[in-house]
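Engineer: Dumping the structure here so I can ask a few things about it.
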Amino acid sequence: MTIRPPEYKPPPRTTYTDLGWIFAALTGPATLLAVWIYCAVTYGFLLGFGLGWIPAVILALLVAVATIYLWPLAAVALLYVIYRIFGPESLTYIAVFIGVIAIATVWWWHVVRHDNAP
């Protein structure tokens with residue numbers, strides 16, 4: 001009788017974290033650039049631009065990892081910014097956008113997903 005550890009199986013992919021990765025791909029680089037520019041403006045060229053990338057990378061990684069799981073907060077904030085910039089009539093455009101995303105998701109779920117199944 002041998003003792004063998006169980007075979008590793010990766011966790012199942014979920015749409016929730018897949019959307020989180022998409023938001024993280026947007027918020028991570030945006031945070032990196034914003035913090036690096038802030039450091040360059042605040043501390044000058046030598047310290048801010050030369051060494052400001054270090055805290056910028058650390059903060060960008062923290063924001064990106066948090067965004068993977070907290071992306072609904074980023075989505076709500078983005079919708080609020082769109083509403084404040086474009087006014088109440090933007091709600092129509094936001095609703096149409098969400099409807100198109102819902103239709104695309106249903107289409108993907110029923111057509112593409114089942115065509116790729118083994």
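Going through the structure tokens in order, the chains are called A, B, and so on, while each chain numbers its residues from 1 and the ligands are numbered from 1 in the order shown.
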Set the distance at 12 Å and use only C-alpha atoms: which residues neighbour Ile68 (chain A) once local chain neighbours fewer than 5 positions away are removed? I'd like the list as a PyMOL selection string.
Structural biologist: chain A and resi 14-28+61-63+73-75
Engineer: For those residues, write N, CA, C and O atoms to a file as a compact mmCIF listing (two decimals), in the first residue's frame.
Structural biologist:
```txt
# COMPACT_ATOMS: atom_id res chain seq x y z
N THR A 14 -14.82 30.71 -13.10
CA THR A 14 -16.12 31.34 -12.91
C THR A 14 -16.17 32.63 -13.69
O THR A 14 -15.15 33.30 -13.89
N THR A 15 -17.34 32.99 -14.12
CA THR A 15 -17.51 34.23 -14.88
C THR A 15 -17.22 35.42 -13.99
O THR A 15 -16.73 36.45 -14.47
N TYR A 16 -17.50 35.30 -12.69
CA TYR A 16 -17.27 36.41 -11.78
C TYR A 16 -15.80 36.84 -11.79
O TYR A 16 -15.50 38.01 -11.94
N THR A 17 -14.90 35.89 -11.63
CA THR A 17 -13.49 36.26 -11.61
C THR A 17 -12.96 36.54 -13.01
O THR A 17 -11.99 37.29 -13.15
N ASP A 18 -13.57 35.96 -14.06
CA ASP A 18 -13.15 36.32 -15.41
C ASP A 18 -13.42 37.79 -15.68
O ASP A 18 -12.57 38.50 -16.24
N LEU A 19 -14.58 38.28 -15.28
CA LEU A 19 -14.87 39.71 -15.42
C LEU A 19 -13.95 40.53 -14.53
O LEU A 19 -13.56 41.64 -14.88
N GLY A 20 -13.60 39.98 -13.38
CA GLY A 20 -12.66 40.66 -12.49
C GLY A 20 -11.30 40.83 -13.14
O GLY A 20 -10.65 41.87 -12.99
N TRP A 21 -10.84 39.82 -13.87
CA TRP A 21 -9.56 39.93 -14.57
C TRP A 21 -9.62 41.00 -15.65
O TRP A 21 -8.62 41.70 -15.89
N ILE A 22 -10.76 41.14 -16.31
CA ILE A 22 -10.89 42.19 -17.32
C ILE A 22 -10.79 43.56 -16.68
O ILE A 22 -10.05 44.44 -17.16
N PHE A 23 -11.50 43.76 -15.57
CA PHE A 23 -11.41 45.04 -14.87
C PHE A 23 -10.00 45.26 -14.31
O PHE A 23 -9.50 46.38 -14.29
N ALA A 24 -9.36 44.20 -13.83
CA ALA A 24 -8.00 44.33 -13.29
C ALA A 24 -7.02 44.74 -14.38
O ALA A 24 -6.08 45.49 -14.12
N ALA A 25 -7.24 44.25 -15.60
CA ALA A 25 -6.36 44.63 -16.72
C ALA A 25 -6.51 46.11 -17.04
O ALA A 25 -5.60 46.70 -17.63
N LEU A 26 -7.62 46.70 -16.68
CA LEU A 26 -7.81 48.13 -16.91
C LEU A 26 -7.35 48.98 -15.72
O LEU A 26 -6.70 50.01 -15.90
N THR A 27 -7.67 48.54 -14.51
CA THR A 27 -7.36 49.36 -13.34
C THR A 27 -5.89 49.28 -12.93
O THR A 27 -5.35 50.24 -12.39
N GLY A 28 -5.25 48.14 -13.17
CA GLY A 28 -3.84 48.00 -12.80
C GLY A 28 -2.93 48.99 -13.52
O GLY A 28 -2.24 49.79 -12.87
N LEU A 61 -0.38 46.65 -8.23
CA LEU A 61 -0.64 45.23 -8.00
C LEU A 61 -1.72 45.01 -6.94
O LEU A 61 -2.58 44.15 -7.09
N LEU A 62 -1.68 45.82 -5.88
CA LEU A 62 -2.72 45.71 -4.86
C LEU A 62 -4.09 46.05 -5.42
O LEU A 62 -5.08 45.34 -5.16
N VAL A 63 -4.17 47.10 -6.21
CA VAL A 63 -5.45 47.49 -6.81
C VAL A 63 -5.93 46.43 -7.78
O VAL A 63 -7.11 46.09 -7.81
N LEU A 73 -17.82 46.89 -7.56
CA LEU A 73 -17.67 48.26 -7.06
C LEU A 73 -17.09 49.18 -8.13
O LEU A 73 -17.52 50.32 -8.28
N ALA A 74 -16.13 48.67 -8.90
CA ALA A 74 -15.56 49.46 -9.99
C ALA A 74 -16.61 49.70 -11.07
O ALA A 74 -16.67 50.79 -11.65
N ALA A 75 -17.44 48.71 -11.34
CA ALA A 75 -18.48 48.87 -12.35
C ALA A 75 -19.51 49.91 -11.92
O ALA A 75 -19.92 50.76 -12.72
```
Engineer: Between A:Gly50, A:Glu7, A:Pro55, A:Ala64, which has the minimum distance to Ala30 (chain A) (counting only C-alpha atoms)?
Structural biologist: A:Ala64
Engineer: Between A:Trp53, A:Tyr80, A:Tyr93, A:Trp71, which has the minimum distance to Cys39 (chain A) (counting only C-alpha atoms)?
Structural biologist: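 Ranked by minimum distance to Cys39 (chain A), first place goes to A:Trp53.
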Engineer: What is the distance between CA of Ile58 (chain A) and CA of Val81 (chain A), in Å to one decimal?
Structural biologist: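 Computed distance, CA of Ile58 (chain A) to CA of Val81 (chain A), equals 26.0 Å.
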Engineer: Would you mind reading off the distance between CA of Pro88 (chain A) and CA of Val106 (chain A), one decimal, in Å?
Structural biologist: 28.1 Å
